[in-house]
>>> print(open('structure_39.cif').read())   # mmCIF, C-alpha atoms
data_work
#
loop_
_atom_site.label_atom_id
_atom_site.label_comp_id
_atom_site.auth_asym_id
_atom_site.auth_seq_id
_atom_site.Cartn_x
_atom_site.Cartn_y
_atom_site.Cartn_z
CA MET A 1 0.00 0.00 0.00
CA LEU A 2 1.18 3.48 -0.83
CA LYS A 3 -0.30 6.19 1.37
CA ALA A 4 -0.12 9.92 0.61
CA CYS A 5 0.70 12.09 3.64
CA LEU A 6 -0.51 15.44 2.40
CA ASN A 7 0.49 18.12 4.91
CA GLY A 8 1.63 17.02 8.37
CA GLN A 9 2.82 19.92 10.52
CA ARG A 10 3.95 21.97 7.54
CA SER A 11 2.41 25.30 6.59
CA ARG A 12 2.45 27.06 3.24
CA ALA A 13 5.45 28.99 4.51
CA ALA A 14 7.37 25.73 4.09
CA HIS A 15 5.93 24.98 0.64
CA PRO A 16 3.25 26.85 -1.35
CA ALA A 17 1.52 23.60 -2.35
CA VAL A 18 0.89 22.34 1.19
CA PRO A 19 -2.89 21.83 1.48
CA VAL A 20 -4.38 23.44 4.57
CA THR A 21 -8.13 23.99 4.17
CA PRO A 22 -10.69 21.20 3.76
CA THR A 23 -11.15 22.18 0.11
CA GLU A 24 -7.41 22.04 -0.54
CA LEU A 25 -7.05 18.71 1.25
CA ALA A 26 -9.94 17.28 -0.75
CA ALA A 27 -8.54 18.39 -4.10
CA ASP A 28 -5.06 17.06 -3.27
CA ALA A 29 -6.44 13.77 -1.99
CA ALA A 30 -8.44 13.28 -5.17
CA ARG A 31 -5.40 13.99 -7.34
CA CYS A 32 -3.24 11.52 -5.43
CA ALA A 33 -5.97 8.87 -5.41
CA ALA A 34 -6.32 9.20 -9.17
CA LEU A 35 -2.63 8.36 -9.46
CA GLY A 36 -3.07 5.20 -7.42
CA VAL A 37 -2.53 5.80 -3.70
CA ALA A 38 -4.55 3.50 -1.48
CA ALA A 39 -5.14 5.99 1.35
CA VAL A 40 -4.38 9.51 2.53
CA HIS A 41 -3.20 10.82 5.88
CA VAL A 42 -4.01 14.42 6.80
CA HIS A 43 -3.58 16.89 9.65
CA PRO A 44 -6.77 19.01 9.66
CA ARG A 45 -6.46 22.69 10.63
CA ASN A 46 -8.81 25.22 12.18
CA ALA A 47 -9.66 28.58 10.64
CA ALA A 48 -6.38 30.01 11.90
CA GLY A 49 -4.40 27.26 10.19
CA VAL A 50 -3.53 25.49 13.45
CA GLU A 51 -3.71 21.69 13.76
CA SER A 52 -6.71 20.62 15.77
CA LEU A 53 -8.57 17.54 16.99
CA ARG A 54 -11.78 19.48 17.58
CA PRO A 55 -14.85 17.65 16.25
CA ALA A 56 -15.87 20.30 13.72
CA VAL A 57 -12.34 20.58 12.32
CA ILE A 58 -11.98 16.82 11.84
CA ALA A 59 -15.50 16.55 10.40
CA ASP A 60 -15.00 19.35 7.87
CA ALA A 61 -11.79 17.82 6.49
CA LEU A 62 -13.11 14.26 6.31
CA THR A 63 -16.40 15.30 4.75
CA ALA A 64 -14.67 17.34 2.05
CA ILE A 65 -12.24 14.56 1.15
CA ARG A 66 -14.95 11.91 1.01
CA ALA A 67 -17.10 14.12 -1.20
CA ALA A 68 -14.20 14.61 -3.61
CA ARG A 69 -13.13 10.95 -3.60
CA PRO A 70 -15.77 8.57 -2.22
CA GLY A 71 -14.37 5.36 -0.83
CA LEU A 72 -10.82 6.62 -0.32
CA PRO A 73 -9.62 5.64 3.18
CA VAL A 74 -8.68 8.74 5.16
CA GLY A 75 -6.63 8.91 8.33
CA VAL A 76 -5.65 11.61 10.79
CA SER A 77 -2.98 12.12 13.44
CA THR A 78 -3.58 12.22 17.18
CA GLY A 79 -0.09 13.53 17.97
CA ALA A 80 0.45 15.00 21.42
CA TRP A 81 1.72 18.25 19.90
CA ILE A 82 -1.83 18.85 18.61
CA GLU A 83 -3.40 18.37 22.06
CA PRO A 84 -0.86 17.83 24.87
CA ASP A 85 -3.42 16.78 27.49
CA PRO A 86 -4.08 13.02 27.12
CA VAL A 87 -7.51 13.34 28.73
CA ALA A 88 -8.49 16.04 26.25
CA ARG A 89 -7.21 13.92 23.38
CA VAL A 90 -9.41 11.02 24.44
CA ALA A 91 -12.39 13.35 24.89
CA ALA A 92 -11.87 14.78 21.41
CA VAL A 93 -11.83 11.31 19.84
CA ARG A 94 -15.00 10.35 21.69
CA ALA A 95 -16.71 13.53 20.47
CA TRP A 96 -15.91 13.19 16.75
CA PRO A 97 -19.22 13.15 14.84
CA VAL A 98 -17.48 12.06 11.64
CA LEU A 99 -14.91 9.29 12.03
CA PRO A 100 -11.72 8.74 10.05
CA ASP A 101 -11.02 5.29 8.65
CA PHE A 102 -7.78 5.14 10.63
CA ALA A 103 -5.79 7.30 13.02
CA SER A 104 -2.15 7.25 14.09
CA VAL A 105 -1.13 7.11 17.76
CA ASN A 106 2.53 7.46 18.77
CA ALA A 107 3.33 4.74 21.28
CA HIS A 108 5.86 6.84 23.20
CA GLU A 109 3.45 9.70 23.97
CA PRO A 110 1.72 10.07 27.34
CA GLY A 111 -1.77 8.57 27.26
CA ALA A 112 -1.19 6.79 23.95
CA GLU A 113 -2.92 3.55 24.90
CA ALA A 114 -5.99 5.41 26.19
CA VAL A 115 -6.25 7.31 22.90
CA ALA A 116 -5.86 4.06 20.95
CA THR A 117 -8.55 2.45 23.08
CA ALA A 118 -10.97 5.30 22.42
CA LEU A 119 -10.33 5.00 18.68
CA HIS A 120 -10.79 1.22 18.70
CA GLU A 121 -14.00 1.46 20.69
CA ARG A 122 -15.37 3.83 18.05
CA GLY A 123 -14.45 1.49 15.21
CA VAL A 124 -11.43 3.44 13.93
CA LEU A 125 -8.42 1.40 12.82
CA VAL A 126 -5.45 2.20 15.05
CA GLU A 127 -2.04 2.84 13.50
CA VAL A 128 0.62 2.70 16.19
CA GLY A 129 3.69 4.82 15.50
CA VAL A 130 6.99 3.42 16.76
CA TRP A 131 10.10 5.56 16.37
CA THR A 132 12.51 3.77 18.73
CA LEU A 133 13.06 0.42 20.43
CA ASP A 134 11.62 1.94 23.61
CA ALA A 135 8.46 2.76 21.67
CA VAL A 136 8.25 -0.87 20.52
CA GLU A 137 8.37 -1.97 24.16
CA ALA A 138 5.67 0.56 25.07
CA TYR A 139 3.47 -0.76 22.27
CA ARG A 140 3.95 -4.37 23.40
CA SER A 141 2.25 -3.55 26.70
CA TRP A 142 -0.93 -2.34 25.00
CA ARG A 143 -4.11 -4.36 25.39
CA VAL A 144 -5.91 -2.66 22.49
CA PRO A 145 -5.87 -4.22 18.99
CA VAL A 146 -3.76 -2.42 16.37
CA GLY A 147 -4.51 -2.47 12.66
CA ARG A 148 -1.17 -1.22 11.37
CA ILE A 149 2.29 -0.51 12.73
CA LEU A 150 4.06 2.63 11.50
CA VAL A 151 7.82 2.22 11.68
CA GLU A 152 8.96 5.83 11.50
CA CYS A 153 12.64 6.64 10.94
CA MET A 154 13.44 10.15 12.11
CA ALA A 155 17.22 10.24 11.61
CA GLU A 156 18.35 12.54 8.81
CA GLU A 157 21.45 10.51 7.91
CA VAL A 158 20.53 7.74 5.49
CA PRO A 159 22.74 5.00 7.02
CA VAL A 160 21.39 5.78 10.49
CA ALA A 161 17.78 5.78 9.30
CA LEU A 162 18.24 2.44 7.53
CA ALA A 163 19.93 0.95 10.58
CA ASP A 164 17.10 2.22 12.79
CA ALA A 165 14.57 0.65 10.42
CA ALA A 166 16.35 -2.71 10.56
CA ARG A 167 16.54 -2.66 14.37
CA ILE A 168 12.89 -1.72 14.85
CA LEU A 169 11.65 -4.23 12.27
CA ALA A 170 13.72 -6.96 13.91
CA ALA A 171 12.31 -6.05 17.32
CA LEU A 172 8.78 -6.31 15.94
CA GLN A 173 9.30 -9.73 14.37
CA PRO A 174 8.07 -11.85 17.30
CA SER A 175 4.70 -10.04 17.32
CA GLY A 176 4.27 -10.08 13.54
CA VAL A 177 0.48 -9.63 13.62
CA ALA A 178 -0.35 -6.20 12.20
CA PRO A 179 0.84 -5.03 8.76
CA VAL A 180 3.85 -2.70 8.83
CA LEU A 181 4.25 0.64 7.07
CA LEU A 182 7.86 1.83 6.88
CA HIS A 183 8.75 5.45 6.17
CA ALA A 184 11.13 8.27 7.02
CA GLU A 185 11.15 12.05 7.04
CA GLY A 186 13.57 14.55 5.56
CA PRO A 187 16.79 13.52 3.77
CA ALA A 188 16.30 9.79 4.42
CA THR A 189 12.78 9.65 2.96
CA TRP A 190 13.60 8.16 -0.42
CA ALA A 191 16.19 5.67 0.82
CA VAL A 192 13.77 4.32 3.43
CA LEU A 193 10.95 4.20 0.87
CA ALA A 194 13.21 2.06 -1.33
CA GLU A 195 13.91 -0.16 1.69
CA ALA A 196 10.17 -0.56 2.27
CA VAL A 197 9.64 -1.50 -1.38
CA GLY A 198 12.49 -4.00 -1.21
CA ARG A 199 11.04 -5.60 1.92
CA GLY A 200 7.51 -5.69 0.50
CA LEU A 201 6.17 -3.36 3.19
CA HIS A 202 3.60 -0.60 3.02
CA THR A 203 5.05 2.90 2.73
CA ARG A 204 4.03 6.51 2.26
CA ILE A 205 5.08 9.75 0.59
CA GLY A 206 4.00 13.38 0.59
CA LEU A 207 4.89 16.90 1.59
CA GLU A 208 4.60 15.91 5.25
CA ASP A 209 7.73 13.78 4.86
CA THR A 210 9.79 15.53 2.19
CA LEU A 211 9.84 18.58 -0.06
CA LEU A 212 12.25 16.98 -2.52
CA LEU A 213 12.03 14.52 -5.39
CA PRO A 214 14.45 11.56 -5.48
CA ASP A 215 16.96 13.57 -7.56
CA GLY A 216 17.06 16.29 -4.91
CA THR A 217 15.07 18.86 -6.86
CA PRO A 218 12.08 20.59 -5.21
CA ALA A 219 8.81 18.71 -5.51
CA PRO A 220 6.11 20.96 -6.99
CA THR A 221 3.17 19.05 -5.48
CA ASN A 222 2.08 15.99 -3.55
CA ALA A 223 1.05 14.46 -6.85
CA ALA A 224 4.62 14.78 -8.14
CA LEU A 225 5.91 12.96 -5.06
CA VAL A 226 3.35 10.20 -5.51
CA THR A 227 4.31 9.82 -9.17
CA ALA A 228 7.98 9.48 -8.18
CA ALA A 229 7.14 6.92 -5.48
CA LEU A 230 5.16 4.83 -7.94
CA ALA A 231 8.05 4.99 -10.39
CA ALA A 232 10.32 3.75 -7.58
CA GLY A 233 8.14 0.65 -7.19
CA ALA A 234 5.78 1.65 -4.38
CA ARG A 235 2.24 0.37 -4.82
#
>>> encode(input="structure_39.cif", output="C-alpha cells")
Amino acid sequence: MLKACLNGQRSRAAHPAVPVTPTELAADAARCAALGVAAVHVHPRNAAGVESLRPAVIADALTAIRAARPGLPVGVSTGAWIEPDPVARVAAVRAWPVLPDFASVNAHEPGAEAVATALHERGVLVEVGVWTLDAVEAYRSWRVPVGRILVECMAEEVPVALADAARILAALQPSGVAPVLLHAEGPATWAVLAEAVGRGLHTRIGLEDTLLLPDGTPAPTNAALVTAALAAGAR
C-alpha cells in the first residue's frame, strides 16, 4: 500500500503547495488517489491554520475529502503536539461526529494507549507509530488491537535511518500480527521508501515527509511525489 501524507505539521510557509483547508485537502487527496494511492493521511487545521482535533475541524476535512473521492480511506494524526493533554485527546476522539477510517497514535506519547482504546471502541483502525526500540516496548504492553504498525525513521542521515529501520523491524518480528508501514522524514525519505519497497512493506510519501524529489530537486506538489514513489516501485 502506498499512502499519501498530504500536509503534516507543515504550513504554506514551508511549501506553497501544502494543502491546509478542507477544500485544498480534498482536491489534493483526489489527485493523489487518481494516481493510485490506497489511502491519505491528513492533519486538519482550524480557521487560523492550526492543527486541531476538535470535532468540527476533523469533520469538515473528512467530509470534504470523502465528497471529492468517495471510498478513499482517510486517516488523521492524534499527535500529542496537537493536544498535549491526554484526557483532552481522548475526549476529542470520543466527540468526533465524523470518524476517520484510521488514526495514528505514537506509542511513546503520554496517554497513547488510552487514545488508541478510544479510537478502537469507536471502530477506527489504530495505526501505532513506533520511532525507537523503547516505543516498541511501550506498544507491546498495549491491550488494544492495532490495525497497522508505523515504523517511523526520524534520523536525517541515510545510514542511520536504515539501521534504525532494521533494528525496529527486527524487534517487531516476534509479534508479527499487524501489517507494517515503513517510512522516514527529511533527507532519508527516499532511501527508506526504497527499503520498504524492497522488503515488501507498506510505505508513504507526501509533503509531510519531504519537499524533494528523489533527484534532490524541489517537488512541486504531492502528486509529483506520488508519481515518483510509484516509479520507484511503491504500490
>>> atom_distance(input="structure_39.cif", atom1="CA of Ala47 in chain A", atom2="CA of Ala14 in chain A")
18.5 Å
>>> residues_around(input="structure_39.cif", residues="Leu133 in chain A", least_positions_apart="5", cutoff="10 Å", atoms="only C-alpha atoms", output="number ranges by chain")
A: 138-139, 164, 167-172
>>> resolve_selection(input="structure_39.cif", expression="the PyMOL selection byres ((chain A and resi 213) around 12)", output="ChimeraX atom specification")
/A:186-191,205-207,209-212,214-229,231-232
>>> closest_residue(input="structure_39.cif", among="A:Val74, A:Gly36, A:Arg143, A:Val93", to="Ala56 in chain A", atoms="all atoms listed in the file")
A:Val93
>>> atom_distance(input="structure_39.cif", atom1="CA of Thr23 in chain A", atom2="CA of Val126 in chain A")
25.6 Å
>>> resolve_selection(input="structure_39.cif", expression="the PyMOL selection byres ((chain A and resi 235) around 9)", output="ChimeraX atom specification")
/A:1-3,36-38,197,202-203,229-230,233-234
>>> resolve_selection(input="structure_39.cif", expression="the PyMOL selection byres ((chain A and resi 10) around 10)", output="PyMOL selection string")
chain A and resi 6-9+11-15+18-20+43+51+207-209
>>> axis_aligned_box(input="structure_39.cif", around="range 94-103 of chain A", padding_each_side="4 Å", output="JSON")
{"center_x": -12.5, "center_y": 9.3, "center_z": 15.2, "size_x": 21.4, "size_y": 16.4, "size_z": 21.0}
>>> atom_distance(input="structure_39.cif", atom1="CA of Val192 in chain A", atom2="CA of Val136 in chain A")
18.7 Å
>>> closest_residue(input="structure_39.cif", among="A:Val151, A:Thr78, A:Ala64, A:Phe102", to="Leu193 in chain A", atoms="all atoms listed in the file")
A:Val151
>>> closest_residue(input="structure_39.cif", among="A:Arg31, A:Ala166, A:Gly49, A:Ala184", to="Arg199 in chain A", atoms="all atoms listed in the file")
A:Ala166
>>> closest_residue(input="structure_39.cif", among="A:Leu53, A:Ala34, A:Ala26, A:Ala196", to="Ala67 in chain A", atoms="only C-alpha atoms")
A:Ala26
>>> closest_residue(input="structure_39.cif", among="A:Trp81, A:Gly75, A:Arg66, A:Leu181", to="Ala39 in chain A", atoms="all atoms listed in the file")
A:Gly75
>>> residues_around(input="structure_39.cif", residues="Thr63 in chain A", least_positions_apart="5", cutoff="10 Å", atoms="all atoms listed in the file", output="JSON, numbers by chain")
{"A": [22, 23, 26, 58, 68, 69, 70, 98, 99, 100]}
>>> closest_residue(input="structure_39.cif", among="A:Ala29, A:Leu125, A:Ala194, A:Val105", to="Leu150 in chain A", atoms="only C-alpha atoms")
A:Val105
>>> residues_around(input="structure_39.cif", residues="Pro55 in chain A", least_positions_apart="2", cutoff="12 Å", atoms="all atoms listed in the file", output="ChimeraX atom specification")
/A:44-46,52-53,57-63,88-100
>>> residues_around(input="structure_39.cif", residues="Val76 in chain A", least_positions_apart="6", cutoff="6 Å", atoms="all atoms listed in the file", output="list in words")
His41, Val42, His43 and Ala103 of chain A
